[in-house]
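Structure file my_file.txt (compact mmCIF, C-alpha atoms) follows.
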# COMPACT_ATOMS: atom_id res chain seq x y z
CA ALA A 8 29.21 26.58 1.73
CA GLY A 9 32.34 24.49 1.19
CA ARG A 10 34.60 27.45 0.51
CA PRO A 11 37.22 27.94 3.27
CA MET A 12 37.08 31.29 5.03
CA ASN A 13 39.63 33.02 7.20
CA VAL A 14 39.01 34.36 10.68
CA LYS A 15 39.89 37.84 9.46
CA ASP A 16 36.83 37.72 7.17
CA ARG A 17 34.46 37.75 10.13
CA GLY A 18 31.75 40.37 9.89
CA THR A 19 31.83 40.67 6.09
CA PRO A 20 28.65 40.01 4.09
CA GLU A 21 30.31 37.09 2.29
CA TYR A 22 31.35 35.53 5.60
CA ASP A 23 27.83 35.81 7.04
CA ALA A 24 26.29 34.34 3.85
CA ILE A 25 28.65 31.34 3.84
CA LYS A 26 28.10 30.83 7.58
CA ALA A 27 24.33 30.74 7.08
CA GLU A 28 24.60 28.30 4.16
CA ARG A 29 26.98 26.04 6.06
CA GLU A 30 24.56 25.91 8.99
CA LYS A 31 21.84 24.75 6.59
CA VAL A 32 24.10 21.99 5.27
CA ASN A 33 24.99 20.90 8.80
CA GLU A 34 21.33 21.01 9.76
CA ARG A 35 20.44 18.63 6.93
CA GLU A 36 23.23 16.27 7.95
CA TRP A 37 22.04 16.44 11.54
CA GLU A 38 18.51 15.51 10.45
CA VAL A 39 19.76 12.51 8.47
CA ARG A 40 21.94 11.19 11.29
CA THR A 41 19.23 11.50 13.93
CA THR A 42 15.52 10.71 14.09
CA ARG A 43 14.60 14.19 12.85
CA ASN A 44 14.97 13.32 9.17
CA PRO A 45 11.75 13.01 7.09
CA ASP A 46 12.36 9.32 6.29
CA GLY A 47 12.31 8.40 9.97
CA ASN A 48 15.62 6.55 9.81
CA PHE A 49 17.38 6.22 13.10
CA GLY A 50 20.88 7.54 13.64
CA ASP A 51 23.54 8.07 16.24
CA LYS A 52 23.32 11.57 17.73
CA ALA A 53 26.92 11.42 18.93
CA SER A 54 28.22 10.84 15.40
CA ALA A 55 26.40 13.93 14.24
CA TYR A 56 28.43 16.08 16.61
CA LYS A 57 31.89 14.60 17.01
CA GLY A 58 34.59 16.63 15.34
CA LYS A 59 32.12 19.08 13.82
CA ALA A 60 32.26 22.04 16.19
CA ASP A 61 34.92 24.59 17.01
CA MET A 62 33.94 27.12 19.64
CA TYR A 63 36.52 29.59 18.35
CA ASP A 64 35.33 29.87 14.74
CA PRO A 65 31.61 30.28 13.95
CA LEU A 66 32.16 28.95 10.43
CA ALA A 67 33.08 25.57 11.84
CA SER A 68 30.37 25.61 14.50
CA LEU A 69 27.17 23.65 14.62
CA SER A 70 23.76 25.10 13.89
CA ASP A 71 21.60 26.22 16.81
CA ASN A 72 19.69 22.92 16.91
CA TRP A 73 22.92 20.93 17.17
CA LEU A 74 24.27 23.16 19.91
CA ASN A 75 21.02 23.05 21.88
CA GLU A 76 21.06 19.27 21.95
CA ALA A 77 24.79 19.04 22.59
CA GLY A 78 24.45 21.53 25.43
CA ALA A 79 25.91 24.99 25.90
CA GLU A 80 28.62 23.67 28.20
CA PHE A 81 32.13 23.64 26.76
CA ASN A 82 32.95 20.20 25.38
CA PRO A 83 36.56 19.32 24.40
CA ALA A 84 35.30 16.51 22.15
CA PHE A 85 33.91 19.11 19.72
CA GLN A 86 37.17 21.03 19.26
CA ILE A 87 39.73 21.14 16.47
CA GLY A 88 42.03 18.11 16.63
CA ALA A 89 39.38 15.43 17.20
CA THR A 90 40.04 13.65 13.92
CA ALA A 91 39.74 10.13 12.52
CA PRO A 92 40.54 7.41 13.34
CA LEU A 93 40.73 8.11 17.10
CA GLY A 94 38.37 11.08 17.27
CA PHE A 95 38.53 12.69 20.72
CA PHE A 96 41.34 10.74 22.42
CA ASP A 97 41.89 11.53 26.10
CA PRO A 98 42.20 8.19 27.95
CA ALA A 99 43.74 9.88 31.01
CA GLY A 100 40.80 12.28 31.31
CA PHE A 101 42.79 15.51 31.47
CA CYS A 102 40.16 17.55 29.57
CA LYS A 103 36.87 17.78 31.42
CA LYS A 104 33.57 18.90 29.95
CA GLY A 105 32.94 22.49 31.00
CA ASP A 106 36.59 23.20 31.84
CA GLU A 107 37.62 25.42 28.94
CA LYS A 108 40.54 27.00 30.84
CA THR A 109 42.33 23.70 31.32
CA PHE A 110 41.66 22.72 27.72
CA ARG A 111 43.13 26.01 26.44
CA ASN A 112 46.26 25.54 28.58
CA LEU A 113 46.77 21.98 27.37
CA ARG A 114 46.02 22.86 23.73
CA THR A 115 48.48 25.77 23.91
CA ALA A 116 51.16 23.41 25.22
CA GLU A 117 50.32 20.80 22.58
CA ILE A 118 50.62 23.28 19.71
CA LYS A 119 53.82 24.79 21.11
CA HIS A 120 55.52 21.43 21.63
CA GLY A 121 54.28 20.18 18.27
CA ARG A 122 55.74 23.18 16.43
CA VAL A 123 59.08 22.83 18.24
CA ALA A 124 59.14 19.10 17.56
CA MET A 125 58.49 19.59 13.84
CA MET A 126 61.46 21.96 13.60
CA ALA A 127 63.60 19.69 15.79
CA ALA A 128 62.88 16.54 13.79
CA LEU A 129 63.56 18.34 10.51
CA GLY A 130 66.67 19.99 11.93
CA GLY A 131 67.96 16.64 13.13
CA VAL A 132 68.03 15.47 9.51
CA VAL A 133 69.19 18.69 7.84
CA GLN A 134 72.18 19.25 10.16
CA HIS A 135 73.66 15.94 9.00
CA PHE A 136 74.03 17.37 5.47
CA VAL A 137 74.24 21.14 5.97
CA LYS A 138 76.85 23.02 8.00
CA PHE A 139 76.80 26.79 8.36
CA PRO A 140 80.08 28.71 7.97
CA GLY A 141 82.01 28.55 11.21
CA PHE A 142 80.15 25.42 12.33
CA VAL A 143 81.91 22.91 10.08
CA GLU A 144 83.66 21.19 12.99
CA VAL A 145 80.53 21.05 15.14
CA PRO A 146 79.24 17.46 15.31
CA SER A 147 75.74 16.52 14.21
CA GLY A 148 73.12 15.47 16.71
CA LEU A 149 72.97 16.21 20.43
CA GLY A 150 76.72 16.70 20.64
CA ALA A 151 76.33 20.04 18.87
CA VAL A 152 75.12 21.76 22.06
CA ASN A 153 78.19 20.73 24.04
CA ILE A 154 80.89 22.04 21.71
CA ALA A 155 81.54 25.69 20.79
CA PRO A 156 80.37 27.40 18.67
CA GLY A 157 77.39 25.01 18.64
CA SER A 158 76.74 25.75 22.32
CA TYR A 159 76.71 29.49 21.55
CA GLY A 160 74.16 28.93 18.81
CA PHE A 161 71.94 26.94 21.17
CA ILE A 162 72.04 29.72 23.79
CA ALA A 163 71.19 32.32 21.13
CA LEU A 164 68.25 30.27 19.81
CA PHE A 165 66.98 29.71 23.36
CA GLY A 166 67.12 33.44 24.09
CA ILE A 167 65.42 34.44 20.82
CA ALA A 168 62.66 31.87 21.32
CA GLY A 169 62.05 33.10 24.86
CA ALA A 170 61.87 36.73 23.76
CA LEU A 171 59.40 35.92 20.98
CA GLU A 172 57.16 33.93 23.31
CA LEU A 173 57.14 36.52 26.10
CA ALA A 174 56.97 39.72 24.06
CA ILE A 175 55.56 39.05 20.58
CA TRP A 176 53.84 35.67 20.20
CA THR A 177 51.66 35.94 23.29
CA GLU A 178 48.41 34.07 23.91
CA SER A 179 45.09 35.91 24.05
CA ASP A 180 41.73 34.75 25.37
CA ASP A 181 39.93 36.25 22.37
CA LYS A 182 41.85 34.06 19.91
CA ALA A 183 42.32 30.32 19.50
CA PRO A 184 45.39 28.80 21.22
CA GLY A 185 48.46 29.20 19.03
CA ASP A 186 46.87 31.84 16.78
CA PHE A 187 49.55 34.45 16.17
CA GLY A 188 48.19 35.85 12.93
CA ASP A 189 49.13 35.21 9.32
CA PRO A 190 52.34 37.19 8.62
CA LEU A 191 52.89 35.51 5.23
CA GLY A 192 49.31 36.11 4.08
CA LEU A 193 48.73 32.45 3.19
CA ASN A 194 45.06 32.64 4.19
CA GLN A 195 45.09 29.00 5.35
CA TYR A 196 43.88 29.37 8.93
CA ASN A 197 40.94 27.00 8.52
CA GLU A 198 39.73 23.76 10.09
CA ASP A 199 41.61 21.48 7.70
CA THR A 200 44.97 23.23 8.06
CA ARG A 201 44.66 23.46 11.84
CA ASN A 202 43.90 19.73 12.07
CA ARG A 203 46.89 18.98 9.84
CA GLU A 204 49.18 21.08 12.03
CA LEU A 205 48.03 19.33 15.21
CA ASN A 206 48.39 15.85 13.73
CA ASN A 207 51.78 16.60 12.18
CA GLY A 208 52.92 18.08 15.49
CA ARG A 209 51.78 14.98 17.37
CA PHE A 210 53.70 12.76 14.97
CA ALA A 211 56.76 15.02 15.17
CA MET A 212 56.83 14.81 18.98
CA PHE A 213 57.15 11.03 18.74
CA ALA A 214 59.72 11.41 15.96
CA ALA A 215 61.86 13.87 17.94
CA ILE A 216 61.73 11.70 21.07
CA GLY A 217 62.69 8.67 18.97
CA ILE A 218 65.64 10.48 17.38
CA ILE A 219 66.92 11.66 20.76
CA ALA A 220 66.47 8.29 22.46
CA ALA A 221 68.15 6.40 19.61
CA GLU A 222 71.12 8.79 19.59
CA LEU A 223 71.59 8.46 23.34
CA LEU A 224 71.56 4.69 22.91
CA THR A 225 73.67 4.35 19.75
CA GLY A 226 75.60 7.61 19.45
CA LYS A 227 74.32 8.02 15.86
CA ASP A 228 72.53 11.13 14.57
CA ALA A 229 69.10 11.10 12.89
CA VAL A 230 70.42 10.10 9.46
CA GLU A 231 73.07 7.63 10.65
CA GLN A 232 70.33 5.77 12.51
CA LEU A 233 68.91 4.86 9.10
CA GLY A 234 72.18 3.21 8.13
CA PHE A 235 73.42 5.96 5.80

Would you kindly transcribe this structure into C-alpha cells?
Amino acid sequence: AGRPMNVKDRGTPEYDAIKAEREKVNEREWEVRTTRNPDGNFGDKASAYKGKADMYDPLASLSDNWLNEAGAEFNPAFQIGATAPLGFFDPAGFCKKGDEKTFRNLRTAEIKHGRVAMMAALGGVVQHFVKFPGFVEVPSGLGAVNIAPGSYGFIALFGIAGALELAIWTESDDKAPGDFGDPLGLNQYNEDTRNRELNNGRFAMFAAIGIIAAELLTGKDAVEQLGF
C-alpha cells in the first residue's frame, strides 16, 4: 500500500489493488483517531482528515467512510499542499469550501509562479558565474534586461514562455493544476513530489523577491549580496 503510483497507471489491476489496500490502511487510521476504534479511545476527527485527501488522485483519497463524514463538498483543506507545520494556511480566506473553481485558479497561479521563481532564484546565482558567448559584457542581475544583447534574450524568453503556455502547456479540467505530463519519464508525479514542488516554489518566491528587493536597494546581484 505504501508503493507510489503514477496517474498514468490508473485502471490497471495493480493500481486498483494498491488503491483498495491503501483505503484499508486509511480506514484503520481513521478508526484509531476517532471513536470508531475497538478500544474506545477518543480522537480528533479533524486530524484524521487534514492533508490526507486529494480529489484529483484516487490513490491519495480517503476511504468512503472518511469522505462521508468529511462531506462530499469540495474542501481546499484536503488538497495537496496542506503540509506540516502550518497545514492548510489561508488566513485571508481566499479558498472557500465548495468553490473548486477558485481553488483551481489560485493553485494554477501558485504552481506557475513557484516554478518561475525557482528558475529565477537559481538563475540569479548562476548568471554571476556563467556567461554565455556574446553575453560576456552583459551585467549580472536586473541590469541584464536593460543592456543589449541581454534585453534581446529577455524578449526571446518572454515570447517562448508565452507560446508554451498558450499553445502547449495548457490547463485542463480533467487534470490537476500544473499537470503537463511527464516528458522525461521520471514517474515521480505522486503526493510527496507534488508537496515538495509546492513548498520549494513557495520558498523560491520569497527568495526571488528578496534578491530583487536587495539588488534595487544595494545595486548588488544575488551573489554579491552575500559578500562574495

Closest of A:Thr19, A:Phe142, A:Pro190, A:Gly166 to Ile154 in chain A, counting all atoms listed in the file, is A:Phe142

Could you jot down the CA of His120 in chain A to CA of Ser179 in chain A separation for me, Å, one decimal place?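 These two atoms are separated by 18.0 Å.
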
In Å, rounded to a single decimal, give me how far CA of Val133 in chain A is from CA of Val145 in chain A.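 Spanning CA of Val145 in chain A to CA of Val133 in chain A is a straight-line distance of 13.7 Å.
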
Give, as AutoDock Vina command-line options, the centre coordinates and the x, y and z edge lengths in Å to one decimal for an axis-aligned box around all listed atoms of range 211-228 of chain A, padded by 5 Å on each side.
--center_x 66.2 --center_y 9.7 --center_z 19.0 --size_x 28.8 --size_y 20.7 --size_z 18.8

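Going from CA of Gly150 in chain A over to CA of Ala215 in chain A, you cover 15.4 Å.
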
Tell me, as number ranges by chain, which residues lie within 12 Å of Asn207 in chain A, counting all atoms listed in the file; anything in the same chain fewer than 2 positions away does not count. A: 88, 117-118, 120-126, 128, 200-205, 209-215

Could you pull the residues within 9 Å of Ile219 in chain A, counting only C-alpha atoms, minus those fewer than 2 positions along the same chain, as a list in words? Gly148, Leu149, Ala214, Ala215, Ile216, Gly217, Ala221, Glu222, Leu223, Leu224, Asp228 and Ala229 of chain A

Close residues, Glu178 in chain A itself excluded, 12 Å, only C-alpha atoms, min 3 positions apart in chain, as number ranges by chain: A: 111-112, 114-116, 118-119, 171-175, 181-188

Residues around (72.3, 17.5, 7.6), cut-off 10 Å, counting all atoms listed in the file - what are they as an NGL selection string? :A and (129-138 or 147-148 or 228-230)

Residue subset to file, keeping C-alpha atoms, as an mmCIF file, in the frame of the given file:
data_model
loop_
_atom_site.group_PDB
_atom_site.id
_atom_site.type_symbol
_atom_site.label_atom_id
_atom_site.label_comp_id
_atom_site.auth_asym_id
_atom_site.auth_seq_id
_atom_site.Cartn_x
_atom_site.Cartn_y
_atom_site.Cartn_z
ATOM 1 C CA LEU A 129 63.560 18.340 10.510
ATOM 2 C CA GLY A 130 66.670 19.990 11.930
ATOM 3 C CA GLY A 131 67.960 16.640 13.130
ATOM 4 C CA VAL A 132 68.030 15.470 9.510
ATOM 5 C CA VAL A 133 69.190 18.690 7.840
ATOM 6 C CA GLN A 134 72.180 19.250 10.160
ATOM 7 C CA HIS A 135 73.660 15.940 9.000
ATOM 8 C CA PHE A 136 74.030 17.370 5.470
ATOM 9 C CA VAL A 137 74.240 21.140 5.970
ATOM 10 C CA LYS A 138 76.850 23.020 8.000
ATOM 11 C CA SER A 147 75.740 16.520 14.210
ATOM 12 C CA GLY A 148 73.120 15.470 16.710
ATOM 13 C CA ASP A 228 72.530 11.130 14.570
ATOM 14 C CA ALA A 229 69.100 11.100 12.890
ATOM 15 C CA VAL A 230 70.420 10.100 9.460
#
